[in-house]
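Colleague: Structure file model_0.cif (mmCIF, C-alpha atoms) is given on the next line.
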data_my_file
loop_
_atom_site.label_atom_id
_atom_site.label_comp_id
_atom_site.auth_asym_id
_atom_site.auth_seq_id
_atom_site.Cartn_x
_atom_site.Cartn_y
_atom_site.Cartn_z
CA MET J 1 -7.38 4.39 -89.79
CA LYS J 2 -7.53 1.29 -87.62
CA VAL J 3 -8.29 1.45 -83.90
CA LYS J 4 -8.37 -1.48 -81.47
CA VAL J 5 -11.34 -1.74 -79.12
CA GLU J 6 -11.72 -4.08 -76.12
CA PHE J 7 -14.67 -4.86 -73.87
CA SER J 8 -14.69 -6.43 -70.42
CA GLY J 9 -16.69 -6.72 -67.21
CA GLY J 10 -19.73 -8.10 -69.06
CA LEU J 11 -19.90 -5.49 -71.82
CA GLU J 12 -18.82 -8.14 -74.29
CA LEU J 13 -22.27 -9.73 -73.93
CA LEU J 14 -23.78 -6.69 -75.65
CA PHE J 15 -21.32 -7.08 -78.52
CA ASP J 16 -22.03 -10.71 -79.36
CA LYS J 17 -19.40 -11.88 -76.85
CA ALA J 18 -16.64 -10.12 -78.78
CA THR J 19 -13.91 -9.03 -76.37
CA ARG J 20 -11.72 -7.43 -79.07
CA LEU J 21 -12.53 -5.60 -82.26
CA THR J 22 -10.52 -3.70 -84.80
CA VAL J 23 -12.53 -0.89 -86.32
CA ASP J 24 -11.81 1.31 -89.27
CA VAL J 25 -12.73 4.94 -88.59
CA ASP J 26 -12.08 8.31 -90.18
CA GLU J 27 -9.34 10.61 -89.04
CA LYS J 28 -10.31 13.15 -86.38
CA THR J 29 -12.77 10.67 -84.92
CA THR J 30 -13.41 11.43 -81.25
CA ILE J 31 -14.26 8.86 -78.58
CA LYS J 32 -17.81 10.18 -78.72
CA ASP J 33 -17.91 9.39 -82.45
CA LEU J 34 -16.35 6.00 -81.77
CA ILE J 35 -19.07 5.18 -79.23
CA ALA J 36 -21.74 6.16 -81.79
CA TYR J 37 -19.95 4.05 -84.43
CA LEU J 38 -19.86 1.04 -82.10
CA LYS J 39 -23.55 1.45 -81.35
CA GLN J 40 -24.37 1.71 -85.01
CA ASN J 41 -22.22 -1.14 -86.29
CA HIS J 42 -21.41 -3.59 -83.53
CA LEU J 43 -23.80 -3.28 -80.61
CA LYS J 44 -26.24 -6.19 -80.80
CA GLU J 45 -28.72 -5.44 -78.02
CA LYS J 46 -29.83 -3.12 -75.23
CA PRO J 47 -28.04 0.14 -76.08
CA GLU J 48 -29.25 1.60 -72.75
CA LEU J 49 -26.85 -0.78 -70.95
CA PHE J 50 -23.90 0.69 -72.87
CA MET J 51 -24.82 4.30 -73.50
CA SER J 52 -26.29 7.23 -71.67
CA GLY J 53 -26.93 10.19 -73.98
CA ASP J 54 -24.05 10.30 -76.43
CA SER J 55 -21.48 8.94 -73.96
CA VAL J 56 -21.07 5.68 -72.07
CA ARG J 57 -23.24 4.86 -69.08
CA PRO J 58 -21.89 5.96 -65.67
CA GLY J 59 -19.97 3.03 -64.19
CA ILE J 60 -18.29 2.14 -67.50
CA LEU J 61 -14.64 3.13 -67.62
CA VAL J 62 -12.76 4.03 -70.73
CA LEU J 63 -9.01 3.60 -71.05
CA VAL J 64 -7.07 4.86 -74.03
CA ASN J 65 -3.69 3.15 -74.26
CA ASP J 66 -3.95 2.32 -70.53
CA VAL J 67 -4.73 5.94 -69.62
CA ASP J 68 -8.02 7.06 -68.07
CA TRP J 69 -9.92 9.05 -70.72
CA GLU J 70 -10.70 11.68 -68.06
CA LEU J 71 -6.99 12.55 -68.07
CA LEU J 72 -7.19 13.06 -71.82
CA ASP J 73 -10.03 15.07 -73.30
CA GLY J 74 -12.72 12.62 -72.25
CA ALA J 75 -15.31 12.05 -74.96
CA ASP J 76 -13.66 14.75 -77.12
CA TYR J 77 -10.31 12.94 -77.33
CA LYS J 78 -9.36 12.37 -80.97
CA VAL J 79 -8.29 8.80 -81.52
CA GLU J 80 -5.06 8.12 -83.35
CA PRO J 81 -4.05 5.18 -85.53
CA ASN J 82 -3.53 1.96 -83.54
CA ASP J 83 -4.91 3.44 -80.35
CA ASN J 84 -6.19 0.80 -77.93
CA VAL J 85 -9.53 1.84 -76.45
CA VAL J 86 -10.79 -0.35 -73.58
CA PHE J 87 -14.34 -0.22 -72.20
CA ILE J 88 -14.66 -1.79 -68.74
CA SER J 89 -17.97 -2.18 -66.92
CA THR J 90 -17.68 -1.90 -63.13
CA LEU J 91 -21.41 -2.47 -62.77
CA HIS J 92 -22.69 -5.56 -61.01
CA GLY J 93 -23.48 -8.34 -63.45
CA GLY J 94 -22.31 -6.29 -66.41
CA MET X 1 -7.08 -7.52 -57.35
CA LEU X 2 -7.64 -9.17 -53.97
CA ASN X 3 -6.00 -12.33 -55.21
CA HIS X 4 -3.03 -10.37 -56.49
CA LEU X 5 -2.61 -8.49 -53.21
CA MET X 6 -2.92 -11.68 -51.18
CA GLN X 7 -0.27 -13.31 -53.33
CA GLU X 8 1.99 -10.33 -52.73
CA ILE X 9 1.48 -10.44 -48.97
CA VAL X 10 2.36 -14.11 -48.60
CA SER X 11 5.08 -14.06 -51.23
CA PRO X 12 8.54 -14.74 -49.79
CA HIS X 13 9.89 -12.12 -52.22
CA SER X 14 7.73 -9.25 -51.05
CA TYR X 15 8.95 -6.41 -48.86
CA ARG X 16 7.06 -7.69 -45.87
CA THR X 17 5.82 -11.26 -45.70
CA ILE X 18 2.98 -12.32 -43.47
CA SER X 19 2.64 -16.03 -42.91
CA PHE X 20 -0.77 -17.60 -42.85
CA PHE X 21 -2.57 -20.35 -44.61
CA TRP X 22 -5.26 -19.34 -46.98
CA SER X 23 -7.56 -21.05 -49.40
CA VAL X 24 -9.73 -19.87 -52.22
CA LEU X 25 -13.43 -20.61 -52.24
CA TYR X 26 -15.32 -20.19 -55.50
CA ILE X 27 -19.09 -20.27 -55.12
CA ASP X 28 -20.44 -21.51 -58.42
CA ILE X 29 -23.78 -19.74 -58.99
CA GLY X 30 -23.95 -21.02 -62.57
CA ALA X 31 -27.06 -23.15 -62.02
CA ALA X 32 -28.91 -20.16 -60.55
CA VAL X 33 -28.19 -17.94 -63.54
CA GLY X 34 -28.89 -20.55 -66.18
CA LEU X 35 -25.37 -21.46 -67.33
CA SER X 36 -24.87 -24.85 -68.92
CA GLU X 37 -22.66 -27.49 -67.33
CA GLU X 38 -19.87 -26.74 -69.83
CA GLU X 39 -20.04 -23.00 -69.20
CA ARG X 40 -19.88 -23.57 -65.45
CA LEU X 41 -16.85 -25.82 -65.78
CA GLU X 42 -15.19 -23.35 -68.14
CA ARG X 43 -15.65 -20.44 -65.72
CA ALA X 44 -14.52 -22.47 -62.71
CA GLY X 45 -11.43 -23.42 -64.73
CA GLN X 46 -10.75 -19.78 -65.63
CA VAL X 47 -11.03 -18.71 -62.00
CA ARG X 48 -8.74 -21.54 -60.91
CA ASP X 49 -6.21 -20.55 -63.56
CA GLN X 50 -6.25 -16.99 -62.27
CA PHE X 51 -5.21 -18.18 -58.85
CA ALA X 52 -2.78 -20.80 -60.06
CA SER X 53 -0.99 -18.61 -62.58
CA ARG X 54 0.24 -16.10 -60.04
CA GLU X 55 1.21 -18.55 -57.37
CA HIS X 56 4.52 -17.79 -55.71
CA GLY X 57 4.73 -21.05 -53.84
CA SER X 58 2.30 -19.98 -51.14
CA GLN X 59 0.28 -22.79 -49.64
CA LYS X 60 -3.31 -22.62 -50.62
CA GLU X 61 -6.08 -24.79 -51.89
CA PHE X 62 -8.83 -24.03 -54.34
CA TYR X 63 -12.37 -25.13 -53.48
CA ILE X 64 -15.40 -25.03 -55.70
CA MET X 65 -18.76 -24.97 -53.97
CA PRO X 66 -21.83 -25.32 -56.23
CA LEU X 67 -24.53 -23.12 -54.76
CA GLU X 68 -27.17 -25.82 -55.15
CA TYR X 69 -25.50 -27.83 -52.36
CA ALA X 70 -27.61 -25.76 -49.92
CA PHE X 71 -30.53 -27.88 -51.17
CA ARG X 72 -28.75 -31.22 -51.21
CA ASN X 73 -30.96 -33.95 -49.92
CA ASP X 74 -31.01 -37.67 -50.63
CA GLY X 75 -32.52 -38.60 -53.96
CA GLU X 76 -33.47 -35.11 -55.04
CA ASN X 77 -32.21 -32.99 -57.88
CA CYS X 78 -30.72 -30.09 -55.96
CA VAL X 79 -30.21 -27.98 -59.11
CA GLU X 80 -33.91 -28.12 -59.92
CA LYS X 81 -34.81 -27.54 -56.31
CA MET X 82 -32.68 -24.41 -56.14
CA GLN X 83 -34.06 -23.10 -59.43
CA ASP X 84 -37.62 -23.74 -58.19
CA TYR X 85 -36.84 -21.93 -54.96
CA LEU X 86 -35.44 -18.87 -56.70
CA ASN X 87 -38.21 -18.84 -59.30
CA SER X 88 -40.74 -18.99 -56.48
CA PHE X 89 -39.94 -15.36 -55.76
CA LYS X 90 -42.04 -13.54 -58.27
CA GLN X 91 -40.09 -10.29 -58.06
CA LEU X 92 -36.56 -9.98 -59.34
CA SER X 93 -35.52 -7.94 -56.28
CA ALA X 94 -36.64 -10.73 -53.96
CA ARG X 95 -34.97 -13.35 -56.16
CA GLU X 96 -31.73 -11.41 -56.22
CA ASP X 97 -31.84 -11.06 -52.46
CA ALA X 98 -32.50 -14.79 -52.02
CA LEU X 99 -29.50 -15.53 -54.24
CA ARG X 100 -27.26 -13.25 -52.18
CA GLN X 101 -28.39 -14.97 -48.99
CA LEU X 102 -27.60 -18.36 -50.47
CA VAL X 103 -24.09 -17.24 -51.44
CA GLN X 104 -23.44 -15.59 -48.08
CA THR X 105 -24.64 -18.63 -46.16
CA ALA X 106 -22.66 -21.01 -48.38
CA ILE X 107 -19.46 -19.05 -47.62
CA LEU X 108 -20.05 -18.94 -43.88
CA ASN X 109 -21.10 -22.57 -43.64
CA PHE X 110 -18.05 -23.64 -45.60
CA ALA X 111 -15.78 -21.57 -43.34
CA GLN X 112 -17.36 -23.00 -40.19
CA GLU X 113 -17.29 -26.60 -41.38
CA ASN X 114 -13.66 -26.35 -42.44
CA ASN X 115 -12.44 -24.41 -39.40
CA PHE X 116 -11.49 -21.18 -41.13
CA SER X 117 -11.31 -18.26 -38.71
CA ASN X 118 -11.54 -15.43 -41.24
CA VAL X 119 -13.25 -14.86 -44.56
CA ILE X 120 -11.74 -12.19 -46.80
CA THR X 121 -14.12 -10.70 -49.34
CA ALA X 122 -13.41 -8.30 -52.19
CA GLU X 123 -16.31 -5.89 -51.71
CA SER X 124 -15.37 -2.42 -52.90
CA ALA X 125 -16.55 0.94 -51.56
CA SER X 126 -18.84 1.20 -54.58
CA ASN X 127 -20.46 -2.19 -53.90
CA LEU X 128 -20.89 -1.42 -50.23
CA SER X 129 -22.44 2.01 -50.72
CA ILE X 130 -24.98 0.47 -53.10
CA ARG X 131 -25.62 -2.30 -50.63
CA VAL X 132 -26.21 0.22 -47.82
CA ILE X 133 -28.97 1.96 -49.73
CA THR X 134 -30.58 -1.27 -50.95
CA GLU X 135 -30.59 -2.79 -47.47
CA ILE X 136 -32.29 0.35 -46.13
CA CYS X 137 -34.87 0.05 -48.92
CA LYS X 138 -35.43 -3.59 -48.05
CA GLY X 139 -35.86 -2.90 -44.35
CA ARG X 140 -32.58 -4.22 -42.97
CA GLY X 141 -31.08 -0.89 -41.96
CA PHE X 142 -30.29 -2.26 -38.50
CA ASN X 143 -27.57 -4.47 -39.99
CA ILE X 144 -25.74 -1.79 -41.95
CA PRO X 145 -22.82 -1.38 -39.52
CA LEU X 146 -22.15 -5.11 -39.85
CA ILE X 147 -22.38 -5.04 -43.64
CA THR X 148 -19.92 -2.18 -44.10
CA SER X 149 -17.33 -2.74 -41.37
CA TYR X 150 -13.70 -3.59 -42.18
CA ASP X 151 -13.77 -6.35 -39.69
CA ASP X 152 -17.10 -7.98 -39.07
CA SER X 153 -16.20 -8.98 -35.53
CA SER X 154 -19.78 -10.01 -34.94
CA THR X 155 -18.41 -13.49 -35.56
CA HIS X 156 -20.76 -15.78 -37.34
CA GLU X 157 -20.14 -18.53 -34.84
CA GLY X 158 -16.41 -18.00 -34.82
CA VAL X 159 -15.91 -16.74 -38.37
CA ARG X 160 -15.00 -13.11 -39.06
CA ILE X 161 -15.60 -11.39 -42.37
CA LEU X 162 -12.82 -9.00 -43.42
CA ARG X 163 -13.22 -6.47 -46.21
CA PRO X 164 -9.76 -5.14 -47.07
CA LEU X 165 -10.92 -3.40 -50.27
CA LYS X 166 -13.62 -1.50 -48.45
CA ASP X 167 -12.22 1.95 -49.23
CA LYS X 168 -11.29 1.29 -52.85
CA LEU X 169 -13.65 2.40 -55.57
CA ALA X 170 -14.70 -0.08 -58.24
CA LYS X 171 -12.99 2.25 -60.69
CA GLU X 172 -9.70 2.07 -58.79
CA ILE X 173 -9.87 -1.71 -58.71
CA ALA X 174 -10.58 -1.83 -62.45
CA PHE X 175 -7.57 0.41 -63.11
CA TYR X 176 -5.37 -1.71 -60.87
CA ASN X 177 -6.41 -4.81 -62.80
CA ALA X 178 -5.73 -3.07 -66.10
CA VAL X 179 -2.30 -1.79 -65.05
CA GLU X 180 -1.27 -5.17 -63.61
CA LYS X 181 -2.65 -6.91 -66.72
CA LEU X 182 -5.00 -9.04 -64.60
CA LYS X 183 -7.85 -10.47 -66.60
CA PRO X 184 -10.99 -10.66 -64.47
CA VAL X 185 -13.33 -13.56 -65.18
CA PHE X 186 -16.84 -12.35 -65.88
CA ILE X 187 -19.51 -14.30 -64.01
CA PRO X 188 -23.06 -13.33 -65.07
CA ASP X 189 -25.56 -12.61 -62.34
CA ILE X 190 -29.29 -13.04 -62.08
CA THR X 191 -29.82 -9.44 -63.26
CA THR X 192 -27.36 -9.52 -66.16
CA GLY X 193 -28.94 -8.04 -69.26
CA THR X 194 -32.15 -7.04 -67.48
CA PRO X 195 -33.54 -3.49 -67.77
CA LEU X 196 -32.04 -0.78 -65.58
CA LYS X 197 -35.06 -0.58 -63.30
CA SER X 198 -35.70 -4.30 -63.01
CA SER X 199 -34.69 -4.63 -59.35
CA VAL X 200 -34.02 -2.50 -56.32
CA ASP X 201 -30.30 -3.31 -56.46
CA ARG X 202 -30.04 -2.40 -60.11
CA LEU X 203 -31.97 0.82 -59.69
CA VAL X 204 -29.85 1.89 -56.72
CA GLU X 205 -26.66 0.99 -58.61
CA GLU X 206 -27.75 3.19 -61.49
CA PHE X 207 -28.60 6.01 -59.10
CA ILE X 208 -25.30 5.85 -57.18
CA SER X 209 -23.21 5.49 -60.35
CA SER X 210 -24.88 8.56 -61.88
CA LEU X 211 -24.34 10.55 -58.71
CA GLN X 212 -20.74 9.38 -58.45
CA ALA X 213 -20.06 10.50 -62.03
CA ASN X 214 -21.06 14.06 -61.15
CA PHE X 215 -20.08 14.13 -57.46
CA PRO X 216 -17.03 11.90 -56.97
CA SER X 217 -17.31 11.87 -53.18
CA THR X 218 -20.78 10.26 -53.15
CA VAL X 219 -19.64 6.71 -52.41
CA HIS X 220 -17.27 7.68 -49.60
CA ALA X 221 -19.83 10.09 -48.12
CA ILE X 222 -22.32 7.24 -47.82
CA LEU X 223 -19.78 4.94 -46.21
CA ARG X 224 -18.47 7.60 -43.83
CA THR X 225 -22.01 8.21 -42.69
CA THR X 226 -22.58 4.52 -41.97
CA GLU X 227 -19.45 4.43 -39.83
CA LYS X 228 -21.22 6.63 -37.32
CA LEU X 229 -23.85 3.95 -36.78
CA LYS X 230 -23.65 1.79 -33.72
CA VAL X 231 -22.93 -1.91 -34.17
CA PRO X 232 -25.79 -4.01 -32.78
CA ASN X 233 -25.05 -5.71 -29.50
CA MET X 234 -23.92 -9.17 -30.49
CA GLN X 235 -23.93 -10.72 -27.04
CA THR X 236 -27.64 -11.42 -26.94
CA VAL X 237 -28.14 -12.05 -30.56
CA PHE X 238 -31.06 -13.68 -32.26
CA ASN X 239 -30.95 -13.91 -36.01
CA CYS X 240 -33.41 -14.03 -38.84
CA VAL X 241 -33.96 -17.68 -39.73
CA VAL X 242 -33.83 -16.95 -43.47
CA CYS X 243 -30.99 -14.44 -43.95
CA ASN X 244 -29.20 -14.66 -40.57
CA SER X 245 -29.25 -10.89 -40.11
CA VAL X 246 -29.45 -9.49 -36.59
CA LEU X 247 -32.98 -8.71 -35.40
CA THR X 248 -34.19 -5.47 -33.86
CA ARG X 249 -36.01 -5.60 -30.54
CA ASP X 250 -39.42 -5.54 -32.23
CA GLU X 251 -38.45 -8.21 -34.73
CA ARG X 252 -37.12 -10.36 -31.91
CA ARG X 253 -40.37 -9.95 -29.97
CA SER X 254 -42.32 -11.09 -33.01
CA GLN X 255 -39.94 -14.04 -33.42
CA GLU X 256 -40.36 -14.98 -29.77
CA GLU X 257 -44.14 -14.95 -30.12
CA ALA X 258 -43.94 -17.18 -33.16
CA VAL X 259 -41.67 -19.67 -31.41
CA ASN X 260 -43.69 -19.67 -28.20
CA GLY X 261 -46.84 -20.25 -30.21
CA LEU X 262 -45.42 -23.51 -31.49
CA HIS X 263 -46.68 -26.69 -29.93
CA THR X 264 -45.21 -30.14 -30.02
CA GLY X 265 -46.11 -31.82 -33.27
CA ASP X 266 -46.79 -28.53 -35.08
CA ASP X 267 -45.53 -28.56 -38.57
CA LEU X 268 -43.83 -25.39 -39.69
CA THR X 269 -45.87 -25.05 -42.82
CA ASN X 270 -47.29 -21.73 -41.88
CA LEU X 271 -45.74 -19.10 -44.09
CA GLN X 272 -46.89 -16.39 -41.73
CA ARG X 273 -45.09 -18.04 -38.85
CA LEU X 274 -41.94 -18.28 -40.93
CA GLY X 275 -42.34 -14.57 -41.72
CA LYS X 276 -42.56 -13.77 -38.05
CA MET X 277 -39.37 -15.67 -37.33
CA SER X 278 -37.59 -13.57 -39.97
CA CYS X 279 -36.39 -10.00 -40.16
CA TYR X 280 -38.57 -7.30 -41.67
CA GLY X 281 -36.77 -7.53 -45.03
CA CYS X 282 -37.25 -11.29 -45.38
CA CYS X 283 -40.82 -11.03 -44.14
CA ARG X 284 -41.54 -8.60 -46.98
CA GLU X 285 -39.86 -10.89 -49.46
CA LEU X 286 -41.84 -13.91 -48.35
CA ASP X 287 -44.82 -11.89 -49.56
CA PHE X 288 -43.53 -12.54 -53.04
CA PHE X 289 -42.91 -16.22 -52.45
CA LYS X 290 -44.77 -18.40 -54.99
CA SER X 291 -47.30 -15.74 -55.84
CA SER X 292 -47.96 -12.36 -54.38
CA GLU X 293 -51.68 -12.83 -54.88
CA ASN X 294 -51.71 -16.10 -53.01
CA CYS X 295 -49.69 -14.82 -50.09
CA SER X 296 -51.64 -12.29 -48.16
CA ASN X 297 -49.50 -9.56 -46.69
CA LEU X 298 -47.63 -11.31 -43.92
CA LEU X 299 -46.91 -8.14 -42.07
CA SER X 300 -50.48 -7.01 -41.87
CA SER X 301 -51.73 -10.26 -40.40
CA LYS X 302 -52.38 -9.85 -36.73
CA ASP X 303 -51.78 -13.40 -35.62
CA ASP X 304 -50.11 -16.47 -37.02
CA ALA X 305 -53.18 -18.60 -36.66
CA PRO X 306 -54.42 -20.62 -39.58
CA GLN X 307 -54.79 -18.05 -42.32
CA GLN X 308 -53.30 -20.57 -44.71
CA ASN X 309 -53.15 -19.35 -48.25
CA LYS X 310 -54.00 -21.43 -51.25
CA PHE X 311 -50.45 -22.49 -51.92
CA VAL X 312 -49.86 -23.65 -48.36
CA SER X 313 -53.08 -25.63 -48.41
CA GLU X 314 -51.94 -27.32 -51.59
CA ARG X 315 -48.60 -28.19 -50.03
CA ILE X 316 -50.30 -29.72 -47.01
CA ALA X 317 -52.57 -31.74 -49.29
CA GLU X 318 -49.43 -33.07 -50.97
CA GLY X 319 -48.04 -34.03 -47.57
CA LYS X 320 -45.18 -31.53 -47.89
CA THR X 321 -44.21 -28.52 -45.85
CA ILE X 322 -43.16 -25.13 -47.12
CA LEU X 323 -39.78 -25.66 -45.54
CA GLU X 324 -39.04 -28.39 -48.05
CA ASP X 325 -38.88 -25.65 -50.68
CA PHE X 326 -36.36 -23.64 -48.69
CA PRO X 327 -32.64 -24.29 -48.35
CA ILE X 328 -31.84 -26.84 -45.68
CA TYR X 329 -30.18 -24.27 -43.44
CA VAL X 330 -33.51 -22.45 -42.91
CA ASN X 331 -34.89 -25.60 -41.31
CA ASP X 332 -31.73 -25.96 -39.22
CA ASN X 333 -31.99 -22.33 -38.12
CA ILE X 334 -35.58 -22.80 -36.99
CA HIS X 335 -34.74 -25.86 -34.94
CA LYS X 336 -31.76 -24.08 -33.42
CA LEU X 337 -33.96 -21.14 -32.55
CA ILE X 338 -36.56 -23.38 -30.90
CA ARG X 339 -33.81 -25.11 -28.92
CA MET X 340 -32.35 -21.79 -27.80
CA SER X 341 -35.75 -20.46 -26.78
CA ARG X 342 -36.51 -23.55 -24.74
CA GLU X 343 -33.15 -23.34 -23.02
CA GLN X 344 -33.85 -19.71 -22.24
CA VAL X 345 -37.23 -20.54 -20.72
CA LYS X 346 -35.71 -23.40 -18.77
CA GLU X 347 -33.03 -21.11 -17.39
CA SER X 348 -35.54 -18.48 -16.35
CA ILE X 349 -37.56 -20.98 -14.34
CA SER X 350 -34.61 -23.07 -13.19
CA GLU X 351 -34.84 -22.00 -9.56
CA TYR X 352 -38.40 -23.31 -9.38
CA LEU X 353 -37.54 -26.69 -10.82
CA ILE X 354 -37.03 -29.67 -8.58
CA GLU X 355 -34.13 -31.77 -9.70
CA ASP X 356 -34.35 -35.55 -9.80
CA GLN X 357 -32.69 -37.16 -6.83
#
Just dump the structure as C-alpha cells.
Modeller:
Amino acid sequence: MKVKVEFSGGLELLFDKATRLTVDVDEKTTIKDLIAYLKQNHLKEKPELFMSGDSVRPGILVLVNDVDWELLDGADYKVEPNDNVVFISTLHGG
Amino acid sequence: MLNHLMQEIVSPHSYRTISFFWSVLYIDIGAAVGLSEEERLERAGQVRDQFASREHGSQKEFYIMPLEYAFRNDGENCVEKMQDYLNSFKQLSAREDALRQLVQTAILNFAQENNFSNVITAESASNLSIRVITEICKGRGFNIPLITSYDDSSTHEGVRILRPLKDKLAKEIAFYNAVEKLKPVFIPDITTGTPLKSSVDRLVEEFISSLQANFPSTVHAILRTTEKLKVPNMQTVFNCVVCNSVLTRDERRSQEEAVNGLHTGDDLTNLQRLGKMSCYGCCRELDFFKSSENCSNLLSSKDDAPQQNKFVSERIAEGKTILEDFPIYVNDNIHKLIRMSREQVKESISEYLIEDQ
C-alpha cells in the first residue's frame, strides 16, 4: 500500500533534500517499521540525526494525518493506505 | 507562527485590533553558513513571500540585513572578512557563539538606527531553556534573567526585546504551523549536519530534548526557576565590549583596570586586554581565537602587560591590529567605554578642577 511521507525543519537535508516521498509498504506496517524502512531505503546520511534506537530522535515530531502520533499508538500505530506521515524537526539547525 | 499572530493582531478583521506600525527584519546569515548567492536570494525570497502572502493590508516593510555588514569597511570584502573572523574561532562552540552575537548585535543596531522602540523575537520556551543552560556553561549566568524575560526592559539604548512566544514549546509552535498550513522556511545554521556533541549548544539541546521526551515539564521547570533570579541593576551598567552582556562586579573591575591601563597612543592590539574588557564567557572564547595554542589562557594571565602571543606579534609586524579582525562594533564599544570611563573620572574629580575663566 502507498503511504505519503513529508519532512520539514531541516530533516529533508538527510533525505537528499526530498520534502515529500511516496513509499510502498506492506500492510500492518507500524510507524516504527516505516522509520526503519526510511532509514534503509531513503536516508542518505547521518542516521543518528534522524533516529534514536528504533524510533525518531527526541525533538522530532511525527504527525499522522495532522494528528500527533502520541494521541494514536505512537510508534506502534499501524499505517493505513494513503496516510500522510509528517516528520518535523524542532531542533536548532535541523 | 509569530508572523501569523502579528498579522492577526493588526488585522482589521480580527476580534480585537491593535494599531501599531511594524516591520520585518530578516538577518541573512547565508554567507556565514556557506550558502551560495543564489541560495541566499532564494531563501530571502521565500521568507519575504511568507510575510507578503498573509498580508491583510497592515502597514509593514520587509528589510533584509546581510550579516556581513557588521564588517563593512571601505574597499574590503566584508563576506571574506566575516568568514575569516568566524573561522578564527577554532572551536565550533565559540564560532556558534560569535555568530549569535553578530545576529543579536545586527538586530539591535538596526532597531536603534531606524528608531524602532521594540524588537519582537520568536524564541520559544524550548529555545530559551536550552539557552539558559548553555549560557551557564559558557560563564554568562549573570545575564540569564535578561535572556529569558518576556520584556527585556533593560533597554539596549532605548530598544526593548519582547518575547511573546516565551511560554510556548517548540512542539506547540510546530503543531500550530502544521494546523494553520504555514510552511516554515528552513535556514541552515553553522551546526547543521554536525555530530550531536559538536558544540555546547548542540549537546545541551540533545540533553534537554531527551529529558523533555521523558519528563514533559523539564523546559518549563527550567524557565520557572530562572524567573526567580534577580535582574541585574541596569542603572549603572557596563557591558562586555564583544557580546554586550551585562558585567558582574568582578568583571567590571577587571574591565576598569584594562581601560585605566591604557595610555594615549596605545594600540588595542593586546588580546589579553580585549579579554579583560569582556565578560567571562567572551574572555574564554577569545582563548580559541586564531589558535588555542597561540593564545595563552587569557584568564590565567595576571596582568595585561606585553605577553603578546605569536599571532599578535605577526599582526603588529603587518601593521594591523587585532581589532581589524573583529566586527566594527567591537571597536566602537571600546571607544565608547574609554569615553565613559574618562567622563566618570572627570566627574569624580570635578570639584578639584579649576575652570577656565
Colleague: What separation in Å, quoted to one decimal, exists between atom CA of Thr30 of chain J and atom CA of Tyr176 of chain X?
Modeller: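 Distance reported for this atom pair: 25.5 Å.
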Colleague: Counting only C-alpha atoms, what are the residues of chain X within 7 Å of chain J, and for each of them which pair of atoms is the nearest and at what distance in Å, to one decimal? Sort the table by chain and rising number, as a tab-separated table.
Modeller:
residue	atom	partner	partner_atom	distance
X:Ala170	CA	J:Thr90	CA	6.0
X:Lys171	CA	J:Thr90	CA	6.7
X:Phe186	CA	J:Gly9	CA	5.8
X:Pro188	CA	J:Gly93	CA	5.3
X:Asp189	CA	J:Gly93	CA	4.9
X:Thr191	CA	J:Gly93	CA	6.4
X:Thr192	CA	J:Gly93	CA	4.9
X:Ser209	CA	J:Pro58	CA	5.5
X:Ser210	CA	J:Pro58	CA	5.5
X:Ala213	CA	J:Pro58	CA	6.1
Colleague: Suppose a student applies the PyMOL selection byres ((chain X and resi 28) around 8) to this structure; what residues should they get, written as an mmCIF file with C-alpha atoms, keeping the file's coordinate frame?
Modeller:
data_model
loop_
_atom_site.group_PDB
_atom_site.id
_atom_site.type_symbol
_atom_site.label_atom_id
_atom_site.label_comp_id
_atom_site.auth_asym_id
_atom_site.auth_seq_id
_atom_site.Cartn_x
_atom_site.Cartn_y
_atom_site.Cartn_z
ATOM 1 C CA TYR X 26 -15.320 -20.190 -55.500
ATOM 2 C CA ILE X 27 -19.090 -20.270 -55.120
ATOM 3 C CA ILE X 29 -23.780 -19.740 -58.990
ATOM 4 C CA GLY X 30 -23.950 -21.020 -62.570
ATOM 5 C CA ALA X 31 -27.060 -23.150 -62.020
ATOM 6 C CA ARG X 40 -19.880 -23.570 -65.450
ATOM 7 C CA ALA X 44 -14.520 -22.470 -62.710
ATOM 8 C CA ILE X 64 -15.400 -25.030 -55.700
ATOM 9 C CA MET X 65 -18.760 -24.970 -53.970
ATOM 10 C CA PRO X 66 -21.830 -25.320 -56.230
ATOM 11 C CA LEU X 67 -24.530 -23.120 -54.760
#
Colleague: Can you measure atom CA of Lys81 of chain X to atom CA of Leu102 of chain X for me? One decimal in Å is fine.
Modeller: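 Separation of atom CA of Lys81 of chain X and atom CA of Leu102 of chain X: 13.1 Å.
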Colleague: Between J:Ala36, J:Ala18, J:Val5, J:Val25, which has the minimum distance to Gly53 of chain J (counting all atoms listed in the file)?
Modeller: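 Counting all atoms listed in the file, the residue closest to Gly53 of chain J is J:Ala36.
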Colleague: I need the output of the PyMOL selection byres ((chain J and resi 33) around 10) for this file as a PDB file with C-alpha atoms, in the frame of the given file; which residues are they?
Modeller:
ATOM      1  CA  VAL J  25     -12.730   4.940 -88.590  1.00  0.00           C
ATOM      2  CA  ASP J  26     -12.080   8.310 -90.180  1.00  0.00           C
ATOM      3  CA  LYS J  28     -10.310  13.150 -86.380  1.00  0.00           C
ATOM      4  CA  THR J  29     -12.770  10.670 -84.920  1.00  0.00           C
ATOM      5  CA  THR J  30     -13.410  11.430 -81.250  1.00  0.00           C
ATOM      6  CA  ILE J  31     -14.260   8.860 -78.580  1.00  0.00           C
ATOM      7  CA  LYS J  32     -17.810  10.180 -78.720  1.00  0.00           C
ATOM      8  CA  LEU J  34     -16.350   6.000 -81.770  1.00  0.00           C
ATOM      9  CA  ILE J  35     -19.070   5.180 -79.230  1.00  0.00           C
ATOM     10  CA  ALA J  36     -21.740   6.160 -81.790  1.00  0.00           C
ATOM     11  CA  TYR J  37     -19.950   4.050 -84.430  1.00  0.00           C
ATOM     12  CA  LEU J  38     -19.860   1.040 -82.100  1.00  0.00           C
ATOM     13  CA  LYS J  39     -23.550   1.450 -81.350  1.00  0.00           C
ATOM     14  CA  ASP J  54     -24.050  10.300 -76.430  1.00  0.00           C
ATOM     15  CA  SER J  55     -21.480   8.940 -73.960  1.00  0.00           C
ATOM     16  CA  ALA J  75     -15.310  12.050 -74.960  1.00  0.00           C
ATOM     17  CA  ASP J  76     -13.660  14.750 -77.120  1.00  0.00           C
ATOM     18  CA  TYR J  77     -10.310  12.940 -77.330  1.00  0.00           C
ATOM     19  CA  LYS J  78      -9.360  12.370 -80.970  1.00  0.00           C
ATOM     20  CA  VAL J  79      -8.290   8.800 -81.520  1.00  0.00           C
TER      21      VAL J  79
END
